[in-house]
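Before any comments, here is the structure.
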Protein chains: 2
Amino acid sequence: VNAYELIRRKREGASLEEAELRFLVGGYVRGEVRDYQMAAFLMAAAIKGMTLRETVDLTRVMMESGRVLEFHGSGGPVIDKHSTGGVGDKISIPLVPVAVECGLRVPMISGRSLGATGGTLDKIEAIPGMTTGLTPERLVRQVNEVGGCFGAQTETIVPADRSLYALRDATATVESVPLIVSSILSKKFAEGIGGVVIDVKCGVGAFMRTLAEARELASALEGAGGAMDIPVKTIVTAMDQPLGLAIGNALEVEEAIRFLEGGGPSDVAELTLRLAAEMLLLAGLVPDIDTGETLAKDAVSSGRALERFGRIVSAQGGRLASESAAHGLPRAKLVRPFLAQSGGFVSRLDARIIGEAVRELGGGRFRTDDVIDPAAGIVLLKKRGDEVVRGEPILEVHASSEERALAAARNLEEAVRIAAGPIPRAPLFLEAA
Amino acid sequence: VNAYELIRRKREGASLEEAELRFLVGGYVRGEVRDYQMAAFLMAAAIKGMTLRETVDLTRVMMESGRVLEFHGSGGPVIDKHSTGGVGDKISIPLVPVAVECGLRVPMISGRSLGATGGTLDKIEAIPGMTTGLTPERLVRQVNEVGGCFGAQTETIVPADRSLYALRDATATVESVPLIVSSILSKKFAEGIGGVVIDVKCGVGAFMRTLAEARELASALEGAGGAMDIPVKTIVTAMDQPLGLAIGNALEVEEAIRFLEGGGPSDVAELTLRLAAEMLLLAGLVPDIDTGETLAKDAVSSGRALERFGRIVSAQGGRLASESAAHGLPRAKLVRPFLAQSGGFVSRLDARIIGEAVRELGGGRFRTDDVIDPAAGIVLLKKRGDEVVRGEPILEVHASSEERALAAARNLEEAVRIAAGPIPRAPLFLEAA
């Protein structure tokens with residue numbers, strides 16, 4: 001076996017065997033297969049595709065490039081949730097404590113912000129004192145003790161994905177269903193889980209722009225999970241406007257807490273409850289989604305989920321001040337309203353442009369070593385379909401300076417459209433795979 | 001413009017503009033576009049193809065990555081010949097002096113041996129004292145003074161090709177018609193020529209195995225030349241058995257001289273005369289191939305081509321001893337016959353296996369820093385279709401040791417087949433594009 005021959009065969013559309021993929025991926029991680037060879041292989045795979053069997057083998061090979069966690073003991077089923085990434089998607093934060101209160105163990109390991117979309121890790125780190133760099137041992141112990149965690153991807157778990165993803169990001173090979181599937185599932189399956197619910201985002205603010213693309217990815221994820229005997233359940237949800245009202249790291253944590261307190265925007269509540277119910281159904285703890293949602297609602301209304309969130313945060317050193325309005329989270333110096341230029345109905349709140357504006361405000365990164373401003377962000381006061389009068393604030397910009405606030409306001413002009421007549425509300429849940 | 005976007009577009013099958021190709025190739029040569037990005041681009045181009053216009057633009061961009069020679073003065077038309085590479089293909093060596101004697105200037109710049117196929121540069125360097133590392137200035141001066149040269153590719157001429165070729169060689173992207181065309185034509189056109197004749201080799205010992213592949217390459221070469229207003233004429237010739245009888249560097253120079261002296265194998269004579277005639281026709285110096293071949297034959301039979309060869313070799317410091325049998329060329333320590341295992345007719349002399357055997361004997365390289373043994377090689381005593389009796393020598397192995405000779409003999413067993421009945425002689429000239 002040599003790398004050249006494997007690249008050549010993939011170029012010709014052949015399917016590689018598990019041992020051959022192991023040679024390539026293992027060799028790449030060890031520095032024996034050069035990055036230009038791996039880049040050529042990834043491009044050939046992105047164009048020629050991979051079979052389900054090949055995708056599964058690649059997932060396994062990537063997963064086994066590092067540590068695979070193991071959960072024993074008498075705790076509940078170990079189930080996780082993943083989102084393919086969207087703007088304002090803070091669902092993991094309230095979902096972990098809700099799912100734990102319903103009887104699951106959730107070893108949530110998340111990534112940082114990427115492009116216009118945020119990352120759970122950056123959000124949760126807006127909580128003062130919060131440590132996310134957990135060793136595998138500490139992560140397993142915490143999940144066994146308090147039911148859940150918010151951990152960071154580390155070099156020990158799926159090291160292959162980190163370098164492969166960086167390479168794909170530089171060589172226009174990110175957009176490939178089998179490569180996306182193996183990247184997502186290798187990381188989730190390395191958590192030692194018994195199943196995962198994946199929220200495939202679809203729309204202008206998501207990686208998958210069309211329903212057809214989202215369905216293809218959803219179906220490939222479920223197929224690969226099935227072939228590996230680890231159940232994967234997908235739902236496809238809309239990502240044309242941001243999820244919830246808050247976009248920005250500390251602002252999203254606040255919104256998550258508001259939900260756990262029994263409030264918050266309706267779409268955040270609906271999606272959190274639905275995902276919790278899907279996780280419970282996957283674990284076999286409930287007979288149907290409705291029962292799962294009832295259990296999840298009860299975990300919130302009883303205050304147990306909020307308390308559980310506090311225990312998980314405390315276990316990682318985080319300090320939330322329940323007495324203060326912002327829970328002790330950082331707040332931006334300036335809050336500037338963005339006003340409706342005309343009266344009518346909000347017909348567009350472009351998630352991608354709003355996500356980019358938050359990144360420009362300091363809430364995201366342009367380079368991997370950029371430092372995040374946790375307080376920066378945008379709070380929507382209206383959503384698609386809402387009526388506005390001319391001069392009424394549509395959203396608030398949370399910024400560290402007038403200059404940044406003004407720049408964001410300029411960028412936001414393209415993001416907002418107001419129509420004269422009523423606009424139908426777009427559904428949150430789209431047809432699944 | 002950024003590299004990522006250009007890779008993405010090529011991945012989707014788009015055609016890039018000249019400025020975009022210049023950004024990529026120029027950036028790659030300057031180290032701004034990374035090798036893994038270029039590898040991904042090359043793979044996308046190899047799979048998705050390039051239009052004629054794109055191939056021409058890439059050729060121009062590569063050519064302009066370095067010096068482009070210019071020939072002025074009252075000398076003859078500047079025409080070159082290129083071969084896509086075969087086993088025993090020493091034609092450039094007698095062709096240059098023949099073409100010069102017929103009125104052309106020939107700035108032949110050649111490469112070194114590659115895989116199982118030899119390189120003119122390694123062959124000509126078997127002549128003691130021969131210098132091939134000519135500066136552009138010296139090369140132009142020599143061609144103007146003695147009509148021709150045997151030069152080496154240098155860093156100053158088409159530097160882009162050197163690094164791109166090495167990258168393609170490591171990433172299974174060598175086999176791509178537009179990439180082959182741009183590599184060949186950028187180097188030849190950088191010689192400042194008015195036209196080029198290209199011998200597209202076809203068969204087991206060549207890069208193009210089938211006539212369909214050879215025709216496709218031939219047609220693409222002529223099309224790109226036409227679009228750049230530099231005439232390219234191709235012929236397709238057989239490369240199933242070695243060309244001529246000698247394979248190995250010094251042995252091939254000897255065979256070339258034998259032709260210039262009026263002897264040598266018939267296929268070497270036929271191909272040299274035909275290529276010279278094609279060059280003269282391309283330059284407009286003769287009205288048809290027959291007239292060109294008559295001129296070329298006369299250059300040989302008069303002794304003028306041999307004398308011209310001596311002048312070109314002398315101009316580069318080469319020392320040939322006309323009085324000695326081997327012209328002062330290095331000779332191998334051992335010559336061992338390879339005997340026919342049965343009587344009959346030679347039905348196979350596999351060019352690739354024979355080329356590989358010569359490489360194993362030290363006549364070629366496995367790594368770019370391997371030192372060539374100029375004396376090593378094989379001399380065929382029979383060719384395809386020749387009758388042999390059992391125990392009669394079919395070929396001679398020229399080796400530096402018994403061990404190497406024995407190893408070569410073992411490898412050669414697969415190369416030779418003897419059939420009971422007569423075998424038709426295969427044509428040298430195959431149907432052109």
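Just remember, in the structure tokens the first chain shown is A, the second B, etc., residues are 1-based per chain, and ligands are 1-based in the order shown.
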Residues at most 12 Å from Thr135 (chain A), counting only C-alpha atoms, excluding those fewer than 5 positions away in the same chain, as a PyMOL selection string? chain A and resi 67+69+109+140-142+149-157+316
Given the selection you just returned, output its residues as a file containing N, CA and C atoms, formatted as a JSON list (two decimals), in the first residue's frame.
```json
[["chain", "number", "residue", "atom", "x", "y", "z"],
["A", 67, "ARG", "N", -8.41, 8.88, 21.65],
["A", 67, "ARG", "CA", -9.10, 8.23, 22.76],
["A", 67, "ARG", "C", -10.58, 8.08, 22.46],
["A", 69, "LEU", "N", -14.00, 7.58, 24.70],
["A", 69, "LEU", "CA", -14.47, 7.56, 26.09],
["A", 69, "LEU", "C", -15.32, 6.32, 26.35],
["A", 109, "ILE", "N", -19.54, 17.55, 23.95],
["A", 109, "ILE", "CA", -18.25, 18.14, 23.57],
["A", 109, "ILE", "C", -18.52, 19.01, 22.35],
["A", 140, "VAL", "N", -15.43, 12.23, 32.01],
["A", 140, "VAL", "CA", -16.23, 11.04, 32.35],
["A", 140, "VAL", "C", -16.70, 11.11, 33.80],
["A", 141, "ARG", "N", -15.79, 11.53, 34.69],
["A", 141, "ARG", "CA", -16.15, 11.60, 36.11],
["A", 141, "ARG", "C", -17.27, 12.61, 36.31],
["A", 142, "GLN", "N", -17.13, 13.80, 35.67],
["A", 142, "GLN", "CA", -18.17, 14.83, 35.85],
["A", 142, "GLN", "C", -19.52, 14.35, 35.33],
["A", 149, "CYS", "N", -21.89, 17.72, 30.92],
["A", 149, "CYS", "CA", -20.74, 18.62, 30.89],
["A", 149, "CYS", "C", -20.81, 19.46, 29.63],
["A", 150, "PHE", "N", -19.96, 20.48, 29.59],
["A", 150, "PHE", "CA", -19.73, 21.25, 28.37],
["A", 150, "PHE", "C", -18.23, 21.22, 28.12],
["A", 151, "GLY", "N", -17.79, 20.24, 27.32],
["A", 151, "GLY", "CA", -16.35, 20.06, 27.14],
["A", 151, "GLY", "C", -15.86, 20.59, 25.80],
["A", 152, "ALA", "N", -14.56, 20.79, 25.74],
["A", 152, "ALA", "CA", -13.93, 21.26, 24.50],
["A", 152, "ALA", "C", -13.30, 20.08, 23.77],
["A", 153, "GLN", "N", -13.29, 20.16, 22.45],
["A", 153, "GLN", "CA", -12.52, 19.18, 21.68],
["A", 153, "GLN", "C", -11.05, 19.32, 22.08],
["A", 154, "THR", "N", -10.40, 18.20, 22.31],
["A", 154, "THR", "CA", -8.99, 18.25, 22.70],
["A", 154, "THR", "C", -8.18, 17.43, 21.70],
["A", 155, "GLU", "N", -6.87, 17.50, 21.86],
["A", 155, "GLU", "CA", -5.99, 16.77, 20.95],
["A", 155, "GLU", "C", -6.11, 15.26, 21.14],
["A", 156, "THR", "N", -6.58, 14.83, 22.32],
["A", 156, "THR", "CA", -6.60, 13.39, 22.59],
["A", 156, "THR", "C", -7.78, 12.69, 21.94],
["A", 157, "ILE", "N", -8.88, 13.46, 21.71],
["A", 157, "ILE", "CA", -10.07, 12.84, 21.11],
["A", 157, "ILE", "C", -10.15, 13.22, 19.63],
["A", 316, "GLN", "N", -17.61, 22.93, 36.68],
["A", 316, "GLN", "CA", -16.53, 23.38, 35.79],
["A", 316, "GLN", "C", -16.00, 24.75, 36.20]]
```
At a cut-off of 6 Å, can you tabulate as CSV every residue of chain B near chain A together with its closest atom pair and the distance in Å to one decimal, using only C-alpha atoms and ordering rows by chain then number?
```
residue,atom,partner,partner_atom,distance
B:Tyr4,CA,A:Ala172,CA,5.8
B:Arg8,CA,A:Ala172,CA,5.0
B:Asp35,CA,A:Tyr36,CA,5.8
B:Tyr36,CA,A:Tyr36,CA,3.8
B:Gln37,CA,A:Thr171,CA,5.3
B:Ala39,CA,A:Ala40,CA,5.3
B:Ala40,CA,A:Ala40,CA,4.7
B:Met43,CA,A:Ala40,CA,5.6
B:Thr171,CA,A:Gln37,CA,5.2
B:Ala172,CA,A:Arg8,CA,5.0
```
Could the residues in this selection be written to a file with all heavy atoms, as a PDB file, in the first residue's frame?
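Saved to part-v7.pdb:
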```
ATOM      1  N   TYR B   4      -8.816  29.757  -2.212  1.00  0.00           N
ATOM      2  CA  TYR B   4      -9.938  28.909  -1.822  1.00  0.00           C
ATOM      3  C   TYR B   4     -11.062  28.978  -2.851  1.00  0.00           C
ATOM      4  O   TYR B   4     -11.584  27.960  -3.295  1.00  0.00           O
ATOM      5  CB  TYR B   4     -10.470  29.362  -0.449  1.00  0.00           C
ATOM      6  CG  TYR B   4     -11.597  28.510   0.058  1.00  0.00           C
ATOM      7  CD1 TYR B   4     -11.342  27.448   0.918  1.00  0.00           C
ATOM      8  CD2 TYR B   4     -12.908  28.749  -0.338  1.00  0.00           C
ATOM      9  CE1 TYR B   4     -12.377  26.645   1.381  1.00  0.00           C
ATOM     10  CE2 TYR B   4     -13.949  27.949   0.112  1.00  0.00           C
ATOM     11  CZ  TYR B   4     -13.678  26.908   0.967  1.00  0.00           C
ATOM     12  OH  TYR B   4     -14.696  26.108   1.416  1.00  0.00           O
ATOM     13  N   ARG B   8     -12.523  26.050  -5.215  1.00  0.00           N
ATOM     14  CA  ARG B   8     -13.944  25.704  -5.126  1.00  0.00           C
ATOM     15  C   ARG B   8     -14.587  25.733  -6.517  1.00  0.00           C
ATOM     16  O   ARG B   8     -15.334  24.838  -6.891  1.00  0.00           O
ATOM     17  CB  ARG B   8     -14.667  26.680  -4.202  1.00  0.00           C
ATOM     18  CG  ARG B   8     -16.101  26.272  -3.863  1.00  0.00           C
ATOM     19  CD  ARG B   8     -16.854  27.387  -3.140  1.00  0.00           C
ATOM     20  NE  ARG B   8     -16.981  28.592  -3.942  1.00  0.00           N
ATOM     21  CZ  ARG B   8     -17.799  28.722  -5.000  1.00  0.00           C
ATOM     22  NH1 ARG B   8     -18.565  27.742  -5.380  1.00  0.00           N
ATOM     23  NH2 ARG B   8     -17.823  29.868  -5.677  1.00  0.00           N
ATOM     24  N   ASP B  35       1.184  24.302  -0.979  1.00  0.00           N
ATOM     25  CA  ASP B  35       1.218  23.112  -1.835  1.00  0.00           C
ATOM     26  C   ASP B  35      -0.038  22.256  -1.685  1.00  0.00           C
ATOM     27  O   ASP B  35      -0.491  21.654  -2.659  1.00  0.00           O
ATOM     28  CB  ASP B  35       2.507  22.289  -1.637  1.00  0.00           C
ATOM     29  CG  ASP B  35       2.816  22.008  -0.187  1.00  0.00           C
ATOM     30  OD1 ASP B  35       1.970  22.345   0.664  1.00  0.00           O
ATOM     31  OD2 ASP B  35       3.890  21.448   0.087  1.00  0.00           O
ATOM     32  N   TYR B  36      -0.646  22.248  -0.473  1.00  0.00           N
ATOM     33  CA  TYR B  36      -1.865  21.447  -0.339  1.00  0.00           C
ATOM     34  C   TYR B  36      -3.031  22.090  -1.084  1.00  0.00           C
ATOM     35  O   TYR B  36      -3.902  21.390  -1.578  1.00  0.00           O
ATOM     36  CB  TYR B  36      -2.214  21.172   1.137  1.00  0.00           C
ATOM     37  CG  TYR B  36      -2.194  22.360   2.065  1.00  0.00           C
ATOM     38  CD1 TYR B  36      -3.260  23.238   2.113  1.00  0.00           C
ATOM     39  CD2 TYR B  36      -1.110  22.586   2.904  1.00  0.00           C
ATOM     40  CE1 TYR B  36      -3.260  24.317   2.975  1.00  0.00           C
ATOM     41  CE2 TYR B  36      -1.096  23.656   3.772  1.00  0.00           C
ATOM     42  CZ  TYR B  36      -2.171  24.523   3.804  1.00  0.00           C
ATOM     43  OH  TYR B  36      -2.163  25.589   4.658  1.00  0.00           O
ATOM     44  N   GLN B  37      -3.010  23.414  -1.193  1.00  0.00           N
ATOM     45  CA  GLN B  37      -4.055  24.068  -1.984  1.00  0.00           C
ATOM     46  C   GLN B  37      -3.857  23.761  -3.468  1.00  0.00           C
ATOM     47  O   GLN B  37      -4.805  23.463  -4.193  1.00  0.00           O
ATOM     48  CB  GLN B  37      -4.037  25.575  -1.747  1.00  0.00           C
ATOM     49  CG  GLN B  37      -4.447  25.936  -0.318  1.00  0.00           C
ATOM     50  CD  GLN B  37      -4.548  27.418  -0.099  1.00  0.00           C
ATOM     51  OE1 GLN B  37      -3.600  28.146  -0.382  1.00  0.00           O
ATOM     52  NE2 GLN B  37      -5.675  27.890   0.414  1.00  0.00           N
ATOM     53  N   ALA B  39      -2.368  21.171  -4.675  1.00  0.00           N
ATOM     54  CA  ALA B  39      -2.675  19.748  -4.879  1.00  0.00           C
ATOM     55  C   ALA B  39      -4.176  19.546  -5.040  1.00  0.00           C
ATOM     56  O   ALA B  39      -4.623  18.782  -5.904  1.00  0.00           O
ATOM     57  CB  ALA B  39      -2.146  18.919  -3.702  1.00  0.00           C
ATOM     58  N   ALA B  40      -4.970  20.243  -4.214  1.00  0.00           N
ATOM     59  CA  ALA B  40      -6.433  20.127  -4.320  1.00  0.00           C
ATOM     60  C   ALA B  40      -6.894  20.680  -5.667  1.00  0.00           C
ATOM     61  O   ALA B  40      -7.751  20.099  -6.336  1.00  0.00           O
ATOM     62  CB  ALA B  40      -7.107  20.870  -3.169  1.00  0.00           C
ATOM     63  N   MET B  43      -6.017  18.197  -8.455  1.00  0.00           N
ATOM     64  CA  MET B  43      -6.921  17.044  -8.465  1.00  0.00           C
ATOM     65  C   MET B  43      -8.275  17.432  -9.065  1.00  0.00           C
ATOM     66  O   MET B  43      -8.843  16.689  -9.865  1.00  0.00           O
ATOM     67  CB  MET B  43      -7.088  16.492  -7.048  1.00  0.00           C
ATOM     68  CG  MET B  43      -8.003  15.280  -6.958  1.00  0.00           C
ATOM     69  SD  MET B  43      -7.524  13.888  -8.015  1.00  0.00           S
ATOM     70  CE  MET B  43      -6.240  13.125  -6.985  1.00  0.00           C
ATOM     71  N   THR B 171       0.828  13.151  -6.119  1.00  0.00           N
ATOM     72  CA  THR B 171      -0.604  13.231  -5.788  1.00  0.00           C
ATOM     73  C   THR B 171      -1.491  12.587  -6.851  1.00  0.00           C
ATOM     74  O   THR B 171      -2.701  12.864  -6.891  1.00  0.00           O
ATOM     75  CB  THR B 171      -1.040  14.703  -5.599  1.00  0.00           C
ATOM     76  OG1 THR B 171      -0.738  15.432  -6.801  1.00  0.00           O
ATOM     77  CG2 THR B 171      -0.332  15.351  -4.436  1.00  0.00           C
ATOM     78  N   ALA B 172      -0.910  11.736  -7.707  1.00  0.00           N
ATOM     79  CA  ALA B 172      -1.691  10.996  -8.710  1.00  0.00           C
ATOM     80  C   ALA B 172      -2.442  11.931  -9.646  1.00  0.00           C
ATOM     81  O   ALA B 172      -3.570  11.661 -10.040  1.00  0.00           O
ATOM     82  CB  ALA B 172      -2.649  10.002  -8.044  1.00  0.00           C
TER      83      ALA B 172
END
```
At a cut-off of 6 Å, using only C-alpha atoms, what residues contact region 112-123 of chain A? Leave out same-chain residues fewer than 3 positions from it and give the result as a short mmCIF file (atom, residue, chain, number, x, y, z; two decimals) with C-alpha atoms, in the first residue's frame.
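Produced file selection-v2.cif, reproduced below:
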```
data_model
loop_
_atom_site.label_atom_id
_atom_site.label_comp_id
_atom_site.auth_asym_id
_atom_site.auth_seq_id
_atom_site.Cartn_x
_atom_site.Cartn_y
_atom_site.Cartn_z
CA GLY A 86 -26.58 28.07 12.91
CA VAL A 87 -26.93 31.65 14.08
CA ALA A 126 -18.90 33.69 28.58
CA ASN A 249 -22.06 34.65 23.47
CA GLY A 355 -24.16 36.25 12.18
CA GLU A 356 -21.48 38.08 10.22
#
```
Going by DSSP on the backbone, which residues of region 91-238 of chain B come out as strand (DSSP E or B)? List them as a ChimeraX atom specification. /B:105-110,114,117,148-152,195-202,208,232-238
Name all residues at most 10 Å from Gly328 (chain A) (count only C-alpha atoms; drop same-chain ones fewer than 5 positions away) and give them as a ChimeraX atom specification. /A:126-128,250,254,319-323
Could you jot down the CA of Thr51 (chain B) to CA of Leu185 (chain B) separation for me, Å, one decimal place? 15.6 Å
Polymer residues at most 12 Å from Ala315 (chain A), only C-alpha atoms, same-chain spacing of 6 or more positions, as number ranges by chain: A: 129-132, 134, 138-139, 141-151, 308-309
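Taking only C-alpha atoms, the non-local environment of Met62 (chain B) within 7 Å (same-chain residues fewer than 2 positions away omitted) comprises Leu58, Thr59, Arg60, Glu64, Ser65, Val158, Ala160, Asp161 and Ser186 of chain B.
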Would you put the residues from that selection into a file with N, CA, C and O atoms, as a compact mmCIF listing (two decimals), in the first residue's frame?
```
# COMPACT_ATOMS: atom_id res chain seq x y z
N LEU B 58 -3.23 28.36 -19.05
CA LEU B 58 -2.33 27.74 -18.07
C LEU B 58 -0.93 27.58 -18.67
O LEU B 58 0.08 27.84 -18.01
N THR B 59 -0.87 27.16 -19.93
CA THR B 59 0.42 27.01 -20.62
C THR B 59 1.16 28.35 -20.63
O THR B 59 2.35 28.42 -20.28
N ARG B 60 0.45 29.42 -20.97
CA ARG B 60 1.08 30.74 -21.06
C ARG B 60 1.56 31.20 -19.69
O ARG B 60 2.68 31.70 -19.52
N GLU B 64 5.40 31.88 -18.68
CA GLU B 64 5.83 33.20 -18.24
C GLU B 64 6.25 33.22 -16.76
O GLU B 64 6.56 34.28 -16.23
N SER B 65 6.27 32.04 -16.11
CA SER B 65 6.78 32.00 -14.73
C SER B 65 8.30 32.12 -14.72
O SER B 65 8.90 32.30 -13.67
N VAL B 158 10.70 28.15 -17.02
CA VAL B 158 9.48 27.50 -16.50
C VAL B 158 9.69 26.90 -15.10
O VAL B 158 9.51 25.69 -14.91
N ALA B 160 7.74 27.10 -12.73
CA ALA B 160 6.45 26.58 -12.27
C ALA B 160 6.31 25.10 -12.59
O ALA B 160 5.74 24.33 -11.81
N ASP B 161 6.85 24.68 -13.75
CA ASP B 161 6.66 23.28 -14.14
C ASP B 161 7.38 22.33 -13.21
O ASP B 161 6.87 21.26 -12.88
N SER B 186 4.55 24.50 -22.25
CA SER B 186 5.16 25.65 -21.59
C SER B 186 6.68 25.55 -21.68
O SER B 186 7.37 26.54 -21.92
```
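Distances from B:Asp369, B:Lys188, B:Lys201, B:Ile79 to Leu282 (chain B) were compared using only C-alpha atoms, and the smallest one belongs to B:Ile79.
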Could you name the residues that touch Ala340 (chain B) at 9 Å or less, counting only C-alpha atoms, but leaving out those on the same chain fewer than 2 positions away, as a PyMOL selection string? chain B and resi 338+342-343+388-394+416+418
Deliver the residues from the most recent selection as a file, using N, CA, C and O atoms, as an mmCIF file, in the first residue's frame.
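Resulting contents of out-v9.cif:
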```cif
data_model
loop_
_atom_site.group_PDB
_atom_site.id
_atom_site.type_symbol
_atom_site.label_atom_id
_atom_site.label_comp_id
_atom_site.auth_asym_id
_atom_site.auth_seq_id
_atom_site.Cartn_x
_atom_site.Cartn_y
_atom_site.Cartn_z
ATOM 1 N N PHE B 338 21.303 -13.294 -22.654
ATOM 2 C CA PHE B 338 20.044 -13.830 -22.154
ATOM 3 C C PHE B 338 19.523 -14.743 -23.256
ATOM 4 O O PHE B 338 19.282 -14.296 -24.382
ATOM 5 N N SER B 342 13.211 -21.390 -25.634
ATOM 6 C CA SER B 342 12.607 -22.282 -26.624
ATOM 7 C C SER B 342 12.827 -21.664 -27.995
ATOM 8 O O SER B 342 13.209 -20.495 -28.105
ATOM 9 N N GLY B 343 12.596 -22.470 -29.008
ATOM 10 C CA GLY B 343 12.718 -21.944 -30.370
ATOM 11 C C GLY B 343 11.392 -21.378 -30.842
ATOM 12 O O GLY B 343 10.341 -21.718 -30.297
ATOM 13 N N VAL B 388 14.054 -17.285 -33.580
ATOM 14 C CA VAL B 388 15.166 -17.692 -32.703
ATOM 15 C C VAL B 388 15.176 -19.208 -32.578
ATOM 16 O O VAL B 388 14.138 -19.857 -32.701
ATOM 17 N N VAL B 389 16.376 -19.745 -32.323
ATOM 18 C CA VAL B 389 16.439 -21.170 -31.984
ATOM 19 C C VAL B 389 16.722 -21.274 -30.492
ATOM 20 O O VAL B 389 17.245 -20.339 -29.884
ATOM 21 N N ARG B 390 16.324 -22.370 -29.901
ATOM 22 C CA ARG B 390 16.486 -22.575 -28.466
ATOM 23 C C ARG B 390 17.960 -22.401 -28.080
ATOM 24 O O ARG B 390 18.845 -22.919 -28.781
ATOM 25 N N GLY B 391 18.229 -21.638 -27.022
ATOM 26 C CA GLY B 391 19.589 -21.425 -26.554
ATOM 27 C C GLY B 391 20.322 -20.287 -27.249
ATOM 28 O O GLY B 391 21.444 -19.942 -26.864
ATOM 29 N N GLU B 392 19.689 -19.700 -28.238
ATOM 30 C CA GLU B 392 20.310 -18.559 -28.947
ATOM 31 C C GLU B 392 20.140 -17.303 -28.100
ATOM 32 O O GLU B 392 19.092 -17.109 -27.483
ATOM 33 N N PRO B 393 21.141 -16.415 -28.054
ATOM 34 C CA PRO B 393 20.985 -15.186 -27.269
ATOM 35 C C PRO B 393 19.929 -14.266 -27.895
ATOM 36 O O PRO B 393 19.971 -14.017 -29.099
ATOM 37 N N ILE B 394 19.015 -13.776 -27.050
ATOM 38 C CA ILE B 394 17.991 -12.821 -27.501
ATOM 39 C C ILE B 394 18.448 -11.392 -27.224
ATOM 40 O O ILE B 394 18.158 -10.477 -27.969
ATOM 41 N N VAL B 416 10.063 -11.320 -22.042
ATOM 42 C CA VAL B 416 10.267 -12.001 -23.329
ATOM 43 C C VAL B 416 9.271 -13.148 -23.484
ATOM 44 O O VAL B 416 9.057 -13.925 -22.550
ATOM 45 N N ILE B 418 8.170 -16.176 -26.511
ATOM 46 C CA ILE B 418 8.487 -16.761 -27.820
ATOM 47 C C ILE B 418 7.302 -17.619 -28.251
ATOM 48 O O ILE B 418 6.836 -18.473 -27.487
#
```
